[in-house]
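Trainee: One structure follows; several queries about it will come next.
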Amino acid sequence: QISFGQLRVEFEPNYDESKVPEFEVPDPLRMFNGRKIRNQRRWEKKGRPELLEFFTRNVYGRVPGELGISTWEVVEQSDNALGGKAKRKQVDLVFKKNGRSLHFNILIYLPKNVDNAPVFLGYNFYGNHTITNDVNVIISDAWARNNPSFGIINNQLTEQSRGVRVNRWAVNEIIDAGFGLATIYYGEVDPDKDDFRDGIHPFFYVDAQQRPAADEWGSVAGWAWGLSRAMDYFEEDAEVNENKVVVFGHSRLGKTSLWAGVTDERFAAVISNNSGCGGAALSKRQFGETVARINNSFPHWFCKNFRNYNKNEDALPADQHELLALIAPRPVYVASAEEDQWADPRGEFLSAFYATPVYDLYGEKGIPSKEMPAVNQPIQNTVAYHIRTGGHDVTGFDWEQYIKWATEQLMNE
Ligand code: GCU
């Protein structure tokens, strides 16, 4: 009989650097059969597709079919938002298939003095109305995780949570820098629970299918799918510069922004904030959250095949630095927080470092040294990294860096 005590010990996270197992970091420029990749062409023809296929079938899961926007509608708009410096739009995208229907709302703020604005696009955790005190932002009626401190009971969002996440969204600074901000409540695309009867997944079920097959998408891939549909909409919106969309996400939504950036090359740049395990952190380090741990706590985030690597990281033929490499040559920013050891800051940094050879192929500057920078000392190249003081969060410091970097990467062309 296995006691609960034993189970708990099995899952005790390691926070001791000296206990990180020894392992070989897979070379992103070597095929699984050992062949070396020496140029961009081979990378694009051979290396990249092989790795993309690996992550698709074994980590995030493949999207089983195609589904475009059925209709969209600007449900609310104003030319006089944020004290007059911004335009606001709330756009509802509707998806219909096999008698099912799903909709999600994109809240968009755009600087009034820019015609065709570059934008930051990112999901929020508790509804669009939480990122601002703007009373005009519509409250979603989608399922939400209960959180009494935000007044969320019975899984319903209410007025009480308006503005509770303003600290995580530098809306004013973004607008002042000439960028727009677009955000979506992630629960509208797929409620964050181990239930595949709701959200986007059932749209693609065949026959009596109840949940995705072992290589089919989990929630992270579902949310990434939603970001691509937002991009479809941006292509239709003359006020948004669809060639300069920076996809951003924090934590589980940072895992999501990475996967969206990998699978949809229309995203011009990618930011992963404190994304940790299954995001930017190297799985083979088994530091903080591990593959087994995440698949146990959140069985719906990844595809079922990812469980083959529970307590079996050695068998992974690829690691998360290669996920970052799949974004090359587009800019990618990985950010950690000193107290967020659960997300393994060092593993996030090393990922950015080990992705660099692929950026080198394109003559783009990555992370030049294996030495981690000091806290609050960003390295901002095409591959960027910082570790800031503080915990698992998105802060003003983070946004200050993202805005500066995105301006350098996207605005001087
Ligand atoms: C949990 C989970 C992390 C995730 C985080 C979040 O801590 O273990 O993997 O990143 O939630 O999304 O806030």
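Residues are named by chain letter and number: chains run A, B, ... in the order of the structure tokens, numbers start at 1 in each chain, and ligands are numbered from 1 in the order shown.
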Could I get the residue neighbourhood of ligand 1 at 10 Å, counting only C-alpha atoms and all ligand atoms, as a short mmCIF file (atom, residue, chain, number, x, y, z; two decimals) with all heavy atoms, in the first residue's frame?
Mentor:
data_model
loop_
_atom_site.label_atom_id
_atom_site.label_comp_id
_atom_site.auth_asym_id
_atom_site.auth_seq_id
_atom_site.Cartn_x
_atom_site.Cartn_y
_atom_site.Cartn_z
N PHE A 125 -6.62 36.61 -16.86
CA PHE A 125 -7.11 35.49 -16.06
C PHE A 125 -8.54 35.65 -15.54
O PHE A 125 -9.18 34.67 -15.19
CB PHE A 125 -6.21 35.30 -14.83
CG PHE A 125 -4.91 34.60 -15.11
CD1 PHE A 125 -3.82 35.28 -15.62
CD2 PHE A 125 -4.77 33.25 -14.83
CE1 PHE A 125 -2.61 34.63 -15.86
CE2 PHE A 125 -3.57 32.58 -15.06
CZ PHE A 125 -2.49 33.27 -15.58
N GLY A 249 2.13 36.82 -22.55
CA GLY A 249 1.36 36.04 -21.58
C GLY A 249 2.14 35.80 -20.30
O GLY A 249 3.37 35.74 -20.32
N HIS A 250 1.42 35.67 -19.23
CA HIS A 250 2.01 35.41 -17.91
C HIS A 250 1.66 33.99 -17.46
O HIS A 250 0.51 33.57 -17.56
CB HIS A 250 1.45 36.43 -16.91
CG HIS A 250 1.76 36.10 -15.47
ND1 HIS A 250 3.05 36.06 -14.99
CD2 HIS A 250 0.95 35.81 -14.42
CE1 HIS A 250 3.02 35.75 -13.70
NE2 HIS A 250 1.76 35.58 -13.33
N SER A 251 2.70 33.28 -16.98
CA SER A 251 2.47 31.99 -16.34
C SER A 251 1.84 30.97 -17.29
O SER A 251 2.39 30.77 -18.37
CB SER A 251 1.61 32.23 -15.10
OG SER A 251 1.90 31.26 -14.15
N ARG A 252 0.71 30.39 -16.96
CA ARG A 252 0.12 29.42 -17.90
C ARG A 252 -0.19 30.12 -19.23
O ARG A 252 -0.16 29.51 -20.28
CB ARG A 252 -1.15 28.79 -17.30
CG ARG A 252 -2.33 29.69 -17.14
CD ARG A 252 -3.36 29.13 -16.16
NE ARG A 252 -2.82 29.09 -14.81
CZ ARG A 252 -3.48 28.62 -13.75
NH1 ARG A 252 -4.71 28.16 -13.90
NH2 ARG A 252 -2.93 28.61 -12.57
N LEU A 253 -0.46 31.39 -19.14
CA LEU A 253 -0.75 32.14 -20.37
C LEU A 253 0.53 32.57 -21.08
O LEU A 253 0.51 32.97 -22.24
CB LEU A 253 -1.67 33.32 -20.05
CG LEU A 253 -3.02 32.86 -19.45
CD1 LEU A 253 -3.88 34.04 -19.04
CD2 LEU A 253 -3.76 31.96 -20.43
N GLY A 254 1.67 32.44 -20.37
CA GLY A 254 2.98 32.63 -21.00
C GLY A 254 3.40 31.36 -21.74
O GLY A 254 4.04 31.42 -22.78
N LYS A 255 3.00 30.21 -21.20
CA LYS A 255 3.19 28.96 -21.94
C LYS A 255 2.40 29.11 -23.25
O LYS A 255 2.85 28.71 -24.33
CB LYS A 255 2.67 27.76 -21.15
CG LYS A 255 3.18 27.67 -19.69
CD LYS A 255 2.62 26.45 -18.96
CE LYS A 255 2.50 26.58 -17.45
NZ LYS A 255 3.69 26.70 -16.66
N THR A 256 1.20 29.66 -23.09
CA THR A 256 0.29 29.82 -24.23
C THR A 256 0.85 30.80 -25.27
O THR A 256 0.79 30.54 -26.48
CB THR A 256 -1.08 30.33 -23.71
OG1 THR A 256 -1.59 29.38 -22.78
CG2 THR A 256 -2.05 30.55 -24.84
N ASN A 273 6.20 35.69 -19.73
CA ASN A 273 6.46 36.22 -18.40
C ASN A 273 6.26 35.10 -17.38
O ASN A 273 5.16 34.55 -17.25
CB ASN A 273 5.48 37.37 -18.13
CG ASN A 273 5.80 38.17 -16.89
OD1 ASN A 273 6.60 39.10 -16.94
ND2 ASN A 273 5.18 37.82 -15.77
N ASN A 274 7.32 34.72 -16.69
CA ASN A 274 7.23 33.71 -15.61
C ASN A 274 6.47 32.45 -16.07
O ASN A 274 5.59 31.96 -15.36
CB ASN A 274 6.51 34.28 -14.37
CG ASN A 274 7.08 35.59 -13.83
OD1 ASN A 274 6.55 36.16 -12.90
ND2 ASN A 274 8.14 36.10 -14.43
N SER A 275 6.83 31.94 -17.25
CA SER A 275 6.03 30.83 -17.81
C SER A 275 6.39 29.46 -17.25
O SER A 275 5.57 28.55 -17.27
CB SER A 275 6.15 30.82 -19.34
OG SER A 275 7.48 30.60 -19.75
N GLY A 276 7.62 29.30 -16.79
CA GLY A 276 7.99 28.08 -16.06
C GLY A 276 7.86 26.77 -16.82
O GLY A 276 8.08 26.72 -18.03
N CYS A 277 7.47 25.74 -16.09
CA CYS A 277 7.38 24.38 -16.64
C CYS A 277 6.37 24.31 -17.80
O CYS A 277 5.26 24.82 -17.68
CB CYS A 277 6.95 23.43 -15.53
SG CYS A 277 6.84 21.72 -16.03
N GLY A 278 6.78 23.69 -18.89
CA GLY A 278 5.91 23.64 -20.07
C GLY A 278 5.88 24.97 -20.80
O GLY A 278 5.15 25.14 -21.77
N GLY A 279 6.68 25.93 -20.32
CA GLY A 279 6.83 27.23 -20.98
C GLY A 279 8.29 27.38 -21.34
O GLY A 279 8.84 26.56 -22.08
N GLY A 288 11.95 22.92 -9.26
CA GLY A 288 10.62 23.49 -9.03
C GLY A 288 9.57 22.56 -9.64
O GLY A 288 9.60 21.35 -9.44
N GLU A 289 8.65 23.12 -10.39
CA GLU A 289 7.60 22.31 -11.01
C GLU A 289 8.18 21.37 -12.08
O GLU A 289 8.99 21.79 -12.89
CB GLU A 289 6.55 23.22 -11.65
CG GLU A 289 5.31 22.48 -12.11
CD GLU A 289 4.20 23.43 -12.52
OE1 GLU A 289 4.50 24.52 -13.02
OE2 GLU A 289 3.03 23.07 -12.32
N THR A 290 7.74 20.12 -12.04
CA THR A 290 8.23 19.13 -13.02
C THR A 290 7.11 18.68 -13.96
O THR A 290 5.93 18.99 -13.73
CB THR A 290 8.75 17.87 -12.30
OG1 THR A 290 7.65 17.33 -11.55
CG2 THR A 290 9.92 18.17 -11.37
N VAL A 291 7.48 17.93 -14.96
CA VAL A 291 6.50 17.43 -15.93
C VAL A 291 5.42 16.60 -15.22
O VAL A 291 4.22 16.79 -15.45
CB VAL A 291 7.20 16.59 -17.04
CG1 VAL A 291 6.18 15.93 -17.97
CG2 VAL A 291 8.17 17.47 -17.83
N ARG A 293 4.53 16.66 -12.13
CA ARG A 293 3.77 17.51 -11.24
C ARG A 293 2.71 18.32 -12.00
O ARG A 293 1.55 18.39 -11.62
CB ARG A 293 4.77 18.45 -10.54
CG ARG A 293 4.18 19.32 -9.49
CD ARG A 293 3.96 18.52 -8.20
NE ARG A 293 3.24 19.38 -7.28
CZ ARG A 293 3.67 19.72 -6.06
NH1 ARG A 293 4.77 19.21 -5.59
NH2 ARG A 293 2.97 20.53 -5.31
N ILE A 294 3.13 18.91 -13.12
CA ILE A 294 2.19 19.77 -13.87
C ILE A 294 1.09 18.92 -14.50
O ILE A 294 -0.08 19.31 -14.52
CB ILE A 294 2.94 20.65 -14.90
CG1 ILE A 294 2.15 21.92 -15.22
CG2 ILE A 294 3.28 19.90 -16.18
CD1 ILE A 294 2.93 22.97 -15.98
N ASN A 295 1.46 17.73 -14.99
CA ASN A 295 0.44 16.88 -15.61
C ASN A 295 -0.54 16.33 -14.59
O ASN A 295 -1.68 15.99 -14.93
CB ASN A 295 1.10 15.72 -16.38
CG ASN A 295 1.65 16.17 -17.72
OD1 ASN A 295 1.10 17.08 -18.35
ND2 ASN A 295 2.74 15.56 -18.15
N ASN A 296 -0.08 16.24 -13.35
CA ASN A 296 -0.98 15.80 -12.28
C ASN A 296 -1.90 16.91 -11.82
O ASN A 296 -3.09 16.71 -11.63
CB ASN A 296 -0.17 15.30 -11.10
CG ASN A 296 -0.05 13.80 -11.12
OD1 ASN A 296 -0.95 13.10 -10.67
ND2 ASN A 296 1.03 13.32 -11.72
N SER A 297 -1.35 18.09 -11.62
CA SER A 297 -2.18 19.20 -11.12
C SER A 297 -3.09 19.75 -12.20
O SER A 297 -4.18 20.23 -11.91
CB SER A 297 -1.31 20.35 -10.62
OG SER A 297 -0.19 19.90 -9.93
N PHE A 298 -2.61 19.74 -13.44
CA PHE A 298 -3.37 20.36 -14.53
C PHE A 298 -3.44 19.39 -15.72
O PHE A 298 -2.80 19.60 -16.75
CB PHE A 298 -2.70 21.68 -14.96
CG PHE A 298 -2.49 22.63 -13.83
CD1 PHE A 298 -1.24 22.75 -13.21
CD2 PHE A 298 -3.54 23.42 -13.35
CE1 PHE A 298 -1.05 23.63 -12.15
CE2 PHE A 298 -3.35 24.30 -12.29
CZ PHE A 298 -2.11 24.41 -11.68
N TRP A 301 -3.96 20.75 -19.46
CA TRP A 301 -3.20 21.80 -20.16
C TRP A 301 -2.46 21.29 -21.39
O TRP A 301 -2.37 21.97 -22.40
CB TRP A 301 -2.18 22.43 -19.20
CG TRP A 301 -2.77 23.39 -18.23
CD1 TRP A 301 -4.09 23.74 -18.12
CD2 TRP A 301 -2.07 24.15 -17.23
NE1 TRP A 301 -4.25 24.66 -17.11
CE2 TRP A 301 -3.02 24.92 -16.55
CE3 TRP A 301 -0.73 24.22 -16.85
CZ2 TRP A 301 -2.68 25.79 -15.51
CZ3 TRP A 301 -0.38 25.08 -15.81
CH2 TRP A 301 -1.35 25.86 -15.14
N ASP A 340 10.22 33.54 -7.75
CA ASP A 340 9.36 32.56 -8.42
C ASP A 340 10.17 31.31 -8.75
O ASP A 340 10.32 30.93 -9.92
CB ASP A 340 8.79 33.21 -9.69
CG ASP A 340 7.76 32.34 -10.39
OD1 ASP A 340 7.24 31.39 -9.76
OD2 ASP A 340 7.47 32.61 -11.57
N TRP A 342 9.46 28.28 -8.26
CA TRP A 342 8.59 27.23 -8.82
C TRP A 342 8.73 27.19 -10.35
O TRP A 342 8.65 26.13 -10.97
CB TRP A 342 7.16 27.58 -8.39
CG TRP A 342 6.07 26.65 -8.83
CD1 TRP A 342 4.98 26.98 -9.59
CD2 TRP A 342 5.90 25.27 -8.50
NE1 TRP A 342 4.17 25.90 -9.76
CE2 TRP A 342 4.71 24.83 -9.10
CE3 TRP A 342 6.66 24.36 -7.74
CZ2 TRP A 342 4.23 23.52 -8.99
CZ3 TRP A 342 6.17 23.05 -7.64
CH2 TRP A 342 4.99 22.65 -8.25
N ALA A 343 8.93 28.36 -10.96
CA ALA A 343 9.05 28.45 -12.43
C ALA A 343 10.50 28.28 -12.90
O ALA A 343 10.77 28.35 -14.09
CB ALA A 343 8.48 29.77 -12.94
N HIS A 392 6.01 35.87 -8.39
CA HIS A 392 5.26 35.45 -9.58
C HIS A 392 4.16 36.48 -9.89
O HIS A 392 3.13 36.52 -9.23
CB HIS A 392 4.64 34.08 -9.25
CG HIS A 392 4.02 33.40 -10.42
ND1 HIS A 392 4.76 32.91 -11.47
CD2 HIS A 392 2.72 33.12 -10.69
CE1 HIS A 392 3.94 32.33 -12.34
NE2 HIS A 392 2.70 32.46 -11.89
N ASP A 393 4.38 37.30 -10.91
CA ASP A 393 3.50 38.45 -11.13
C ASP A 393 3.90 39.15 -12.43
O ASP A 393 4.93 38.81 -13.03
CB ASP A 393 3.68 39.43 -9.95
CG ASP A 393 2.52 40.40 -9.79
OD1 ASP A 393 1.56 40.35 -10.58
OD2 ASP A 393 2.58 41.22 -8.85
#
Trainee: Range 385-389 of chain A: which residues within 7 Å, counting only C-alpha atoms, same-chain residues fewer than 3 positions away excluded, as a list in words?
Mentor: Tyr333, Val334, Ala335, Ser336, Ala337, Glu338, Phe349, Val375, Asn376, Gln377, Pro378, Ile379 and Gln380 of chain A
Trainee: Atoms to include: N, CA and C atoms. Write the selected residues as a CSV table (one decimal), in the first residue's frame.
Mentor:
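part-v8.csv, freshly written:
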chain,number,residue,atom,x,y,z
A,333,TYR,N,11.1,37.3,-25.8
A,333,TYR,CA,11.6,37.8,-24.5
A,333,TYR,C,11.1,36.8,-23.4
A,334,VAL,N,12.1,36.3,-22.7
A,334,VAL,CA,11.8,35.4,-21.5
A,334,VAL,C,12.1,36.2,-20.3
A,335,ALA,N,11.1,36.3,-19.3
A,335,ALA,CA,11.3,37.0,-18.1
A,335,ALA,C,11.0,36.1,-16.9
A,336,SER,N,11.8,36.3,-15.9
A,336,SER,CA,11.7,35.5,-14.6
A,336,SER,C,11.6,36.4,-13.5
A,337,ALA,N,11.2,35.9,-12.3
A,337,ALA,CA,11.2,36.7,-11.1
A,337,ALA,C,12.0,35.9,-10.0
A,338,GLU,N,12.8,36.6,-9.3
A,338,GLU,CA,13.7,36.0,-8.3
A,338,GLU,C,13.0,35.1,-7.3
A,349,PHE,N,16.3,31.1,-18.0
A,349,PHE,CA,17.4,31.8,-18.6
A,349,PHE,C,18.2,30.8,-19.6
A,375,VAL,N,19.9,40.6,-11.0
A,375,VAL,CA,18.5,41.0,-11.0
A,375,VAL,C,18.3,42.4,-11.5
A,376,ASN,N,17.2,42.6,-12.2
A,376,ASN,CA,16.9,43.9,-12.7
A,376,ASN,C,17.9,44.5,-13.7
A,377,GLN,N,18.6,43.6,-14.3
A,377,GLN,CA,19.6,44.0,-15.4
A,377,GLN,C,19.3,43.3,-16.7
A,378,PRO,N,18.3,43.8,-17.4
A,378,PRO,CA,17.8,43.0,-18.6
A,378,PRO,C,18.9,42.9,-19.7
A,379,ILE,N,18.9,41.8,-20.4
A,379,ILE,CA,19.6,41.7,-21.7
A,379,ILE,C,18.6,41.8,-22.8
A,380,GLN,N,18.7,42.8,-23.6
A,380,GLN,CA,17.7,43.0,-24.6
A,380,GLN,C,18.3,42.9,-26.0
Trainee: Could you name the residues that touch Val75 in chain A at 10 Å or less, counting only C-alpha atoms, but leaving out those on the same chain fewer than 4 positions away, as a PyMOL selection string?
Mentor: chain A and resi 89-92+105+138
Trainee: Next, dump the selected residues to file, keeping only N, CA, C and O atoms, as a JSON list (two decimals), in the first residue's frame.
Mentor:
[["chain", "number", "residue", "atom", "x", "y", "z"],
["A", 89, "LYS", "N", -12.35, 49.59, -28.40],
["A", 89, "LYS", "CA", -13.29, 48.76, -29.17],
["A", 89, "LYS", "C", -13.47, 47.46, -28.44],
["A", 89, "LYS", "O", -12.51, 46.93, -27.88],
["A", 90, "GLN", "N", -14.66, 46.93, -28.44],
["A", 90, "GLN", "CA", -14.89, 45.59, -27.91],
["A", 90, "GLN", "C", -15.52, 44.79, -29.04],
["A", 90, "GLN", "O", -16.60, 45.13, -29.51],
["A", 91, "VAL", "N", -14.77, 43.80, -29.48],
["A", 91, "VAL", "CA", -15.15, 43.07, -30.69],
["A", 91, "VAL", "C", -15.46, 41.62, -30.32],
["A", 91, "VAL", "O", -14.64, 40.94, -29.70],
["A", 92, "ASP", "N", -16.65, 41.21, -30.70],
["A", 92, "ASP", "CA", -17.07, 39.84, -30.39],
["A", 92, "ASP", "C", -16.84, 38.96, -31.61],
["A", 92, "ASP", "O", -17.34, 39.26, -32.70],
["A", 105, "ASN", "N", -14.65, 37.83, -26.70],
["A", 105, "ASN", "CA", -14.62, 39.28, -26.85],
["A", 105, "ASN", "C", -13.21, 39.82, -26.72],
["A", 105, "ASN", "O", -12.53, 39.53, -25.73],
["A", 138, "ILE", "N", -17.02, 45.50, -20.84],
["A", 138, "ILE", "CA", -18.08, 44.49, -20.65],
["A", 138, "ILE", "C", -17.58, 43.34, -19.77],
["A", 138, "ILE", "O", -16.45, 42.87, -19.92]]
Trainee: Interatomic distance between CA of Glu400 in chain A and CA of Pro329 in chain A?
Mentor: 23.1 Å
Trainee: Please, which residues of range 211-399 of chain A, numbered as in this document, come out alpha helix (DSSP H) from DSSP, as a PyMOL selection string?
Mentor: chain A and resi 219-234+252-263+291-297+320-325+345-361+396-399
Trainee: Produce a table with one row for each residue of range 89-201 of chain A that has an atom at most 8 Å from any atom of range 217-238 of chain A, each row naming the nearest atom pair and its distance in Å at one decimal; use only C-alpha atoms; arrange rows by chain and rising residue number; format as CSV.
Mentor:
residue,atom,partner,partner_atom,distance
A:Ile106,CA,A:Ala230,CA,7.6
A:Asn116,CA,A:Ala238,CA,6.7
A:Leu121,CA,A:Leu227,CA,7.9
A:Gly122,CA,A:Leu227,CA,7.9
A:Tyr186,CA,A:Trp223,CA,6.7
A:Val189,CA,A:Trp223,CA,6.2
A:Asp190,CA,A:Ser219,CA,6.6
A:Asp192,CA,A:Ser219,CA,7.3
A:Ile200,CA,A:Gly222,CA,6.7
A:His201,CA,A:Gly222,CA,7.1
Trainee: With all heavy atoms kept, could you save the residues just selected as a CSV table (one decimal), in the first residue's frame?
Mentor:
chain,number,residue,atom,x,y,z
A,106,ILE,N,-12.8,40.6,-27.7
A,106,ILE,CA,-11.5,41.2,-27.6
A,106,ILE,C,-11.6,42.7,-27.2
A,106,ILE,O,-12.4,43.4,-27.9
A,106,ILE,CB,-10.7,41.2,-29.0
A,106,ILE,CG1,-10.9,39.9,-29.7
A,106,ILE,CG2,-9.2,41.5,-28.8
A,106,ILE,CD1,-10.2,39.8,-31.1
A,116,ASN,N,-2.1,53.1,-37.6
A,116,ASN,CA,-2.1,51.7,-37.9
A,116,ASN,C,-1.2,51.1,-36.8
A,116,ASN,O,-0.1,50.8,-37.0
A,116,ASN,CB,-1.6,51.4,-39.3
A,116,ASN,CG,-1.7,50.0,-39.8
A,116,ASN,OD1,-0.7,49.5,-40.3
A,116,ASN,ND2,-2.8,49.4,-39.6
A,121,LEU,N,-0.8,41.8,-27.6
A,121,LEU,CA,-2.0,40.9,-27.5
A,121,LEU,C,-1.8,39.9,-26.4
A,121,LEU,O,-0.8,39.2,-26.4
A,121,LEU,CB,-2.3,40.2,-28.8
A,121,LEU,CG,-3.3,39.0,-28.7
A,121,LEU,CD1,-4.7,39.5,-28.4
A,121,LEU,CD2,-3.3,38.2,-30.0
A,122,GLY,N,-2.7,39.8,-25.4
A,122,GLY,CA,-2.5,38.8,-24.3
A,122,GLY,C,-3.8,38.5,-23.6
A,122,GLY,O,-4.7,39.3,-23.5
A,186,TYR,N,-9.4,34.4,-21.1
A,186,TYR,CA,-9.0,33.1,-21.6
A,186,TYR,C,-10.2,32.1,-21.4
A,186,TYR,O,-10.3,31.1,-22.2
A,186,TYR,CB,-7.7,32.6,-21.0
A,186,TYR,CG,-7.6,32.0,-19.7
A,186,TYR,CD1,-6.9,30.9,-19.4
A,186,TYR,CD2,-8.3,32.6,-18.6
A,186,TYR,CE1,-6.8,30.3,-18.2
A,186,TYR,CE2,-8.2,32.0,-17.3
A,186,TYR,CZ,-7.4,30.9,-17.1
A,186,TYR,OH,-7.3,30.3,-15.8
A,189,VAL,N,-12.5,31.1,-24.3
A,189,VAL,CA,-12.0,30.2,-25.3
A,189,VAL,C,-12.1,28.8,-24.8
A,189,VAL,O,-12.5,27.8,-25.5
A,189,VAL,CB,-10.6,30.6,-25.8
A,189,VAL,CG1,-10.1,29.6,-26.9
A,189,VAL,CG2,-10.6,32.0,-26.3
A,190,ASP,N,-11.6,28.6,-23.6
A,190,ASP,CA,-11.7,27.3,-22.9
A,190,ASP,C,-11.6,27.5,-21.4
A,190,ASP,O,-10.6,27.9,-20.9
A,190,ASP,CB,-10.5,26.4,-23.4
A,190,ASP,CG,-10.7,24.9,-22.8
A,190,ASP,OD1,-11.9,24.5,-22.6
A,190,ASP,OD2,-9.7,24.3,-22.6
A,192,ASP,N,-10.8,27.0,-17.8
A,192,ASP,CA,-9.6,26.4,-17.3
A,192,ASP,C,-9.9,25.3,-16.2
A,192,ASP,O,-9.7,25.5,-15.0
A,192,ASP,CB,-8.6,27.4,-16.7
A,192,ASP,CG,-7.2,26.9,-16.4
A,192,ASP,OD1,-7.0,25.7,-16.6
A,192,ASP,OD2,-6.4,27.7,-15.9
A,200,ILE,N,-13.6,25.2,-26.7
A,200,ILE,CA,-13.4,25.0,-28.1
A,200,ILE,C,-13.2,23.5,-28.5
A,200,ILE,O,-13.5,23.1,-29.6
A,200,ILE,CB,-12.2,25.9,-28.6
A,200,ILE,CG1,-12.2,25.9,-30.2
A,200,ILE,CG2,-10.9,25.4,-28.0
A,200,ILE,CD1,-13.4,26.4,-30.8
A,201,HIS,N,-12.7,22.7,-27.6
A,201,HIS,CA,-12.4,21.3,-28.0
A,201,HIS,C,-13.5,20.5,-28.6
A,201,HIS,O,-13.3,19.8,-29.7
A,201,HIS,CB,-11.7,20.5,-26.8
A,201,HIS,CG,-10.5,21.2,-26.3
A,201,HIS,ND1,-10.5,22.2,-25.4
A,201,HIS,CD2,-9.2,21.0,-26.7
A,201,HIS,CE1,-9.2,22.6,-25.2
A,201,HIS,NE2,-8.4,21.9,-25.9
Trainee: Please list as a PyMOL selection string every residue within 7 Å of Gly127 in chain A, counting only C-alpha atoms and excluding residues in the same chain fewer than 5 positions away.
Mentor: chain A and resi 139-140+185
Trainee: Just to be explicit: take each residue in the selection above, keep N, CA and C atoms, and write the result as an mmCIF file, in the first residue's frame.
Mentor:
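The resulting file, out-v3.cif, is shown below:
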data_model
loop_
_atom_site.group_PDB
_atom_site.id
_atom_site.type_symbol
_atom_site.label_atom_id
_atom_site.label_comp_id
_atom_site.auth_asym_id
_atom_site.auth_seq_id
_atom_site.Cartn_x
_atom_site.Cartn_y
_atom_site.Cartn_z
ATOM 1 N N ILE A 139 -18.423 42.909 -18.865
ATOM 2 C CA ILE A 139 -18.088 41.787 -17.990
ATOM 3 C C ILE A 139 -18.516 40.484 -18.665
ATOM 4 N N SER A 140 -17.588 39.570 -18.784
ATOM 5 C CA SER A 140 -17.859 38.300 -19.450
ATOM 6 C C SER A 140 -18.836 37.453 -18.635
ATOM 7 N N TYR A 185 -10.436 37.418 -22.303
ATOM 8 C CA TYR A 185 -10.564 36.545 -21.134
ATOM 9 C C TYR A 185 -10.394 35.094 -21.591
#
Trainee: Excluding Ala144 in chain A and any residue of its chain fewer than 2 positions from it, enumerate the residues within 7 Å of it, using only C-alpha atoms, and give them as a count of residues only.
Mentor: 7
Trainee: Can you tell me, as a JSON list (two decimals) with N, CA and C atoms, in the first residue's frame, what residues are no more than 6 Å from range 302-311 of chain A when counting only C-alpha atoms, ignoring any on the same chain fewer than 5 positions away?
Mentor:
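part08.json, written as the output of this step:
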[["chain", "number", "residue", "atom", "x", "y", "z"],
["A", 58, "ASN", "N", 3.55, 15.66, -28.86],
["A", 58, "ASN", "CA", 3.95, 15.12, -27.56],
["A", 58, "ASN", "C", 3.87, 16.08, -26.39],
["A", 59, "VAL", "N", 3.64, 17.34, -26.67],
["A", 59, "VAL", "CA", 3.57, 18.29, -25.56],
["A", 59, "VAL", "C", 2.23, 19.04, -25.56],
["A", 60, "TYR", "N", 1.98, 19.83, -26.59],
["A", 60, "TYR", "CA", 0.79, 20.70, -26.56],
["A", 60, "TYR", "C", -0.42, 20.06, -27.24],
["A", 61, "GLY", "N", -0.16, 19.19, -28.22],
["A", 61, "GLY", "CA", -1.26, 18.53, -28.93],
["A", 61, "GLY", "C", -1.64, 19.27, -30.20],
["A", 214, "ALA", "N", -4.81, 11.23, -27.71],
["A", 214, "ALA", "CA", -3.54, 11.42, -26.99],
["A", 214, "ALA", "C", -2.63, 12.47, -27.61],
["A", 215, "ASP", "N", -2.71, 12.63, -28.93],
["A", 215, "ASP", "CA", -1.85, 13.64, -29.57],
["A", 215, "ASP", "C", -2.63, 14.90, -29.93],
["A", 216, "GLU", "N", -3.87, 14.99, -29.46],
["A", 216, "GLU", "CA", -4.67, 16.17, -29.76],
["A", 216, "GLU", "C", -4.60, 17.20, -28.63],
["A", 217, "TRP", "N", -4.96, 18.38, -28.96],
["A", 217, "TRP", "CA", -4.74, 19.56, -28.12],
["A", 217, "TRP", "C", -5.31, 19.53, -26.72],
["A", 218, "GLY", "N", -4.51, 20.09, -25.81],
["A", 218, "GLY", "CA", -4.99, 20.39, -24.47],
["A", 218, "GLY", "C", -5.43, 21.85, -24.43],
["A", 291, "VAL", "N", 7.48, 17.93, -14.96],
["A", 291, "VAL", "CA", 6.50, 17.43, -15.93],
["A", 291, "VAL", "C", 5.42, 16.60, -15.22],
["A", 292, "ALA", "N", 5.84, 15.70, -14.34],
["A", 292, "ALA", "CA", 4.87, 14.84, -13.64],
["A", 292, "ALA", "C", 3.93, 15.71, -12.79]]
Trainee: Given only C-alpha atoms as the basis, pick out the residue of A:Ala325, A:Gln341, A:Glu364, A:Glu408 nearest to Asp16 in chain A.
Mentor: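 The answer is A:Gln341, which sits nearest to Asp16 in chain A.
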Trainee: Counting only C-alpha atoms, which of A:Glu173, A:Glu50, A:Glu265, A:Glu371 gets nearest to Gly396 in chain A?
Mentor: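 Result for the nearest residue to Gly396 in chain A: A:Glu173.
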Trainee: Find the residue from A:Pro368, A:Gly391, A:Pro148, A:Pro21 that sits nearest to Gln160 in chain A; use only C-alpha atoms when measuring.
Mentor: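 Result for the nearest residue to Gln160 in chain A: A:Pro148.
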Trainee: Ranking A:Lys85, A:Gln286, A:Ala352, A:Lys19 by minimum distance to Asp314 in chain A and counting only C-alpha atoms, which one comes first?
Mentor: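 That would be A:Gln286, the residue with the smallest distance to Asp314 in chain A.
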Trainee: Can you pull out every residue within 7 Å of range 176-180 of chain A, counting only C-alpha atoms, but drop anything in the same chain fewer than 6 positions away, and send it as a PyMOL selection string?
Mentor: chain A and resi 109-111+114+117-120
Trainee: Take the selection from the previous step and output its residues with C-alpha atoms, as a compact mmCIF listing (two decimals), in the first residue's frame.
Mentor:
# COMPACT_ATOMS: atom_id res chain seq x y z
CA TYR A 109 -7.32 50.10 -26.75
CA LEU A 110 -5.51 51.99 -29.51
CA PRO A 111 -3.52 55.22 -29.30
CA VAL A 114 -1.32 56.42 -34.44
CA ALA A 117 -0.99 50.71 -34.42
CA PRO A 118 1.28 47.86 -33.39
CA VAL A 119 -0.34 46.01 -30.50
CA PHE A 120 0.40 43.83 -27.52
